[in-house]
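A.B. asks: Have a peek at coords-v4.csv (CSV, C-alpha atoms and all ligand atoms).
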```csv
chain,number,residue,atom,x,y,z
B,1,MET,CA,-80.0,74.2,30.7
B,2,THR,CA,-80.0,73.2,34.4
B,3,GLU,CA,-77.8,70.2,35.0
B,4,TYR,CA,-79.3,67.7,37.4
B,5,SER,CA,-77.5,64.7,38.9
B,6,TRP,CA,-79.5,61.8,40.2
B,7,THR,CA,-78.6,59.5,43.0
B,8,TYR,CA,-80.5,56.5,44.5
B,9,ARG,CA,-78.8,55.8,47.8
B,10,VAL,CA,-79.7,57.6,51.0
B,11,GLU,CA,-76.1,57.0,52.2
B,12,ASP,CA,-75.0,59.6,49.6
B,13,VAL,CA,-77.3,62.3,51.0
B,14,ASP,CA,-76.8,64.8,53.8
B,15,LEU,CA,-79.8,64.2,56.0
B,16,GLU,CA,-79.7,67.7,57.5
B,17,GLU,CA,-80.0,69.0,54.0
B,18,LEU,CA,-82.9,66.6,53.2
B,19,SER,CA,-84.7,67.8,56.3
B,20,GLN,CA,-84.1,71.4,55.2
B,21,LEU,CA,-85.5,70.6,51.8
B,22,TYR,CA,-88.8,69.4,53.3
B,23,ARG,CA,-88.9,72.5,55.5
B,24,ILE,CA,-88.6,74.9,52.6
B,25,ALA,CA,-90.5,73.0,49.9
B,26,PRO,CA,-92.6,73.1,52.1
B,27,LEU,CA,-93.7,69.6,53.1
B,28,GLY,CA,-93.2,69.7,56.8
B,29,ASP,CA,-90.8,69.3,59.7
B,30,MET,CA,-89.0,66.0,59.4
B,31,PRO,CA,-86.0,65.5,61.7
B,32,PRO,CA,-82.9,63.9,60.1
B,33,GLU,CA,-83.1,60.9,62.4
B,34,GLU,CA,-86.6,60.1,61.2
B,35,LEU,CA,-85.7,60.6,57.6
B,36,ALA,CA,-82.8,58.1,58.1
B,37,VAL,CA,-85.3,55.4,59.2
B,38,VAL,CA,-88.0,56.3,56.6
B,39,PHE,CA,-85.6,56.4,53.6
B,40,GLY,CA,-83.6,53.5,55.0
B,41,ASN,CA,-86.7,51.3,55.0
B,42,SER,CA,-87.9,52.3,51.6
B,43,MET,CA,-87.1,50.0,48.6
B,44,PHE,CA,-86.7,52.9,46.2
B,45,THR,CA,-85.2,56.3,46.9
B,46,CYS,CA,-84.4,59.1,44.6
B,47,PHE,CA,-82.4,62.3,45.1
B,48,VAL,CA,-81.6,65.1,42.7
B,49,HIS,CA,-78.7,67.6,43.1
B,50,CYS,CA,-77.9,70.8,41.2
B,51,ASP,CA,-74.4,72.3,41.6
B,52,GLY,CA,-74.0,70.2,44.8
B,53,VAL,CA,-77.2,71.4,46.3
B,54,LEU,CA,-80.1,68.9,47.1
B,55,VAL,CA,-83.1,70.2,45.1
B,56,GLY,CA,-85.4,67.2,44.9
B,57,ALA,CA,-86.2,63.9,46.7
B,58,GLY,CA,-88.8,61.2,46.9
B,59,ARG,CA,-89.2,57.5,47.9
B,60,ALA,CA,-91.3,54.5,47.4
B,61,LEU,CA,-92.1,52.0,50.2
B,62,ALA,CA,-92.7,48.7,48.3
B,63,ASP,CA,-93.2,45.0,49.0
B,64,GLY,CA,-91.7,43.9,45.6
B,65,VAL,CA,-94.9,42.4,44.2
B,66,ASP,CA,-98.2,43.9,45.2
B,67,CYS,CA,-98.0,47.5,46.3
B,68,ALA,CA,-95.7,50.4,46.3
B,69,TYR,CA,-96.4,53.6,48.2
B,70,ILE,CA,-94.8,56.9,46.9
B,71,GLY,CA,-94.1,59.6,49.5
B,72,HIS,CA,-91.9,62.4,50.6
B,73,VAL,CA,-91.8,63.9,47.1
B,74,ALA,CA,-90.5,67.5,47.2
B,75,VAL,CA,-88.7,69.9,45.0
B,76,HIS,CA,-86.7,73.0,46.1
B,77,PRO,CA,-88.8,76.2,45.5
B,78,ASP,CA,-86.1,77.6,43.2
B,79,HIS,CA,-86.6,74.5,41.0
B,80,GLN,CA,-90.3,74.1,41.1
B,81,GLY,CA,-92.4,74.4,38.0
B,82,GLY,CA,-89.8,73.2,35.6
B,83,GLY,CA,-90.8,69.6,35.4
B,84,LEU,CA,-88.4,68.2,38.0
B,85,GLY,CA,-91.3,67.0,40.3
B,86,SER,CA,-92.9,65.1,37.4
B,87,SER,CA,-89.5,63.6,36.5
B,88,LEU,CA,-89.0,62.5,40.1
B,89,VAL,CA,-92.4,60.8,40.3
B,90,ARG,CA,-91.9,59.2,36.9
B,91,ARG,CA,-88.5,57.8,38.0
B,92,LEU,CA,-90.1,56.3,41.2
B,93,MET,CA,-92.9,54.8,39.0
B,94,GLU,CA,-90.3,53.2,36.7
B,95,LEU,CA,-88.4,51.8,39.8
B,96,ALA,CA,-91.6,50.4,41.1
B,97,GLU,CA,-92.7,49.0,37.8
B,98,GLY,CA,-94.2,45.5,38.1
B,99,HIS,CA,-96.1,46.2,41.3
B,100,LYS,CA,-99.8,45.6,40.9
B,101,LYS,CA,-100.5,49.0,42.3
B,102,ILE,CA,-98.7,52.2,43.1
B,103,ILE,CA,-100.5,54.4,45.6
B,104,LEU,CA,-100.0,57.8,47.2
B,105,TYR,CA,-102.0,60.6,48.7
B,106,ALA,CA,-101.5,64.1,47.4
B,107,ALA,CA,-101.0,67.2,49.5
B,108,PRO,CA,-104.3,69.2,49.1
B,109,GLY,CA,-104.0,71.1,45.9
B,110,ALA,CA,-101.5,68.8,44.3
B,111,GLU,CA,-104.1,66.3,42.9
B,112,LYS,CA,-103.9,67.8,39.4
B,113,PHE,CA,-100.1,67.3,39.4
B,114,TYR,CA,-100.6,63.5,40.1
B,115,ARG,CA,-103.6,63.2,37.8
B,116,ARG,CA,-101.4,64.3,34.9
B,117,LEU,CA,-98.9,61.6,35.8
B,118,GLY,CA,-101.7,59.0,35.4
B,119,PHE,CA,-102.9,58.6,39.0
B,120,LEU,CA,-106.6,58.2,39.6
B,121,PRO,CA,-108.5,59.1,42.8
B,122,MET,CA,-109.1,56.0,45.0
B,123,ASN,CA,-112.8,55.7,45.9
B,124,THR,CA,-112.3,53.7,49.1
B,125,ALA,CA,-108.9,54.9,50.5
B,126,MET,CA,-109.0,55.4,54.2
B,127,GLY,CA,-106.3,56.2,56.7
B,128,LEU,CA,-105.6,56.0,60.5
B,129,TRP,CA,-103.4,58.8,61.5
B,130,SER,CA,-101.6,59.2,64.8
B,131,ASN,CA,-102.6,62.9,64.7
B,132,PRO,CA,-105.9,63.0,62.8
B,133,ASP,CA,-106.8,66.5,63.9
B,134,SER,CA,-104.0,68.2,62.0
B,135,ALA,CA,-104.7,65.9,59.0
B,136,VAL,CA,-108.3,66.9,59.0
B,137,GLU,CA,-107.4,70.5,59.4
B,138,SER,CA,-105.0,70.3,56.4
B,139,GLY,CA,-107.7,68.6,54.3
B,140,VAL,CA,-105.9,65.3,53.9
B,141,LEU,CA,-108.5,63.4,56.0
B,142,SER,CA,-112.2,63.9,56.2
B,143,ARG,CA,-114.6,63.0,59.0
B,144,ALA,CA,-117.6,63.3,56.6
P,1,LIG,C1,-95.5,69.1,44.2
P,1,LIG,C2,-94.0,69.3,43.7
P,1,LIG,C3,-93.2,68.1,44.0
P,1,LIG,C4,-94.1,69.5,42.2
P,1,LIG,O1,-92.8,69.7,41.7
P,1,LIG,P1,-92.5,70.6,40.4
P,1,LIG,O2,-91.1,70.5,40.0
P,1,LIG,O3,-93.0,72.0,40.7
P,1,LIG,O4,-93.5,69.9,39.4
P,1,LIG,P2,-93.5,70.1,37.8
P,1,LIG,O5,-92.8,71.3,37.4
P,1,LIG,O6,-93.2,68.8,37.2
P,1,LIG,O7,-95.1,70.3,37.6
P,1,LIG,C5,-95.7,71.5,38.0
P,1,LIG,C6,-97.1,71.5,37.8
P,1,LIG,O8,-97.8,70.9,38.9
P,1,LIG,C7,-98.6,71.8,39.5
P,1,LIG,N1,-98.4,71.7,41.0
P,1,LIG,C8,-97.4,71.3,41.6
P,1,LIG,N2,-97.6,71.4,42.9
P,1,LIG,C9,-98.8,71.8,43.1
P,1,LIG,C10,-99.6,72.1,44.2
P,1,LIG,N3,-99.1,71.9,45.5
P,1,LIG,N4,-100.8,72.6,44.0
P,1,LIG,C11,-101.3,72.8,42.8
P,1,LIG,N5,-100.6,72.5,41.7
P,1,LIG,C12,-99.3,72.0,41.8
P,1,LIG,C13,-98.1,73.2,39.1
P,1,LIG,O9,-99.2,74.1,39.1
P,1,LIG,C14,-97.6,72.9,37.7
P,1,LIG,O10,-98.7,72.9,36.8
P,1,LIG,P3,-98.6,73.7,35.4
P,1,LIG,O11,-97.5,73.1,34.6
P,1,LIG,O12,-100.0,73.6,34.8
P,1,LIG,O13,-98.3,75.1,35.8
P,1,LIG,C15,-93.5,70.7,44.3
P,1,LIG,O14,-94.3,71.7,44.0
P,1,LIG,C16,-93.3,70.6,45.8
P,1,LIG,O15,-92.3,70.2,46.3
P,1,LIG,N6,-94.3,71.1,46.5
P,1,LIG,C17,-94.2,71.2,48.0
P,1,LIG,C18,-94.2,69.8,48.6
P,1,LIG,C19,-95.4,69.0,48.1
P,1,LIG,O16,-96.6,69.5,48.1
P,1,LIG,N7,-95.2,67.7,47.7
P,1,LIG,C20,-96.2,66.9,47.2
P,1,LIG,C21,-96.6,66.0,48.3
P,1,LIG,S1,-98.1,65.1,47.9
```
Show me the file's structure as structure tokens.
Ligand SMILES: CC(C)(COP(=O)(O)OP(=O)(O)OC[C@H]1O[C@@H](n2cnc3c(N)ncnc32)[C@H](O)[C@@H]1OP(=O)(O)O)[C@@H](O)C(=O)NCCC(=O)NCCS

C.D. replies:
Amino acid sequence: MTEYSWTYRVEDVDLEELSQLYRIAPLGDMPPEELAVVFGNSMFTCFVHCDGVLVGAGRALADGVDCAYIGHVAVHPDHQGGGLGSSLVRRLMELAEGHKKIILYAAPGAEKFYRRLGFLPMNTAMGLWSNPDSAVESGVLSRA
């Protein structure tokens, strides 16, 4: 069975490797400097290594009482489909336990994955993106 080791401190992670993980997952281009800020400002962070290689990551931005936002969840393609992504989200849900709501938006197509973890679609969720055109194109935002 694959041995995974879990860490919870961004200081223990190579940010170049994290950036590479998001590129190949794929989740997008995220420079190491941006990831340092994003993960540094998140209350909960989760990383999974296998044989010294970073194979999974995720984070939750949380206020400690009301709302936690889960984002940047990705699993290395060689490790997808084996339950690691679900374990990562469940771990973040446990860490954020006690918040009145835990929210996220799924990459188009990944809704089923989150639905199985207990998330329900939000009827009134709305977003203001700095680059709405690409978000509309990818299906994350709608102008309808
Ligand atoms: C989404 C992701 C984290 C899931 O990780 P994982 O380890 O493969 O997840 P699990 O093995 O726990 O669950 C896999 C299940 O989710 C489904 N699933 C996962 N990602 C999916 C996607 N993008 N579209 C459709 N279904 C998806 C799989 O079909 C599979 O379902 P099955 O068991 O019925 O075959 C991983 O696929 C990934 O990193 N994708 C690229 C980045 C991304 O889209 N992140 C999500 C941001 S919202």

A.B. asks: Find the residues around range 129-140 of chain B up to 12 Å (all atoms listed in the file counted), leave out those fewer than 6 positions away in its own chain, and share them as a VMD selection string.

C.D. replies: chain B and resid 27 to 28 104 to 111

A.B. asks: Of the candidates B:Gly56, B:Gly118, B:Gly85, B:Pro31, which one gets nearest to ligand LIG 1 (chain P) if we count all atoms listed in the file?

C.D. replies: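 Comparing B:Gly56, B:Gly118, B:Gly85, B:Pro31 against ligand LIG 1 (chain P), the winner is B:Gly85.
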
A.B. asks: Quick one: of B:Ala96, B:Ala25, B:Leu18, B:Ala144, who's nearest to ligand LIG 1 (chain P), counting all atoms listed in the file?

C.D. replies: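 The closest residue to ligand LIG 1 (chain P) is B:Ala25.
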
A.B. asks: What do you get as a PyMOL selection string if you pick all residues at most 10 Å from ligand LIG 1 (chain P), counting only C-alpha atoms and all ligand atoms?

C.D. replies: chain B and resi 21-28+55-58+70-90+104-117+140

A.B. asks: Find the residue from B:Ala125, B:Val10, B:Ile102, B:Val37 that sits nearest to Asp63 in chain B; use only C-alpha atoms when measuring.

C.D. replies: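 Among the listed residues, the smallest separation from Asp63 in chain B belongs to B:Ile102.
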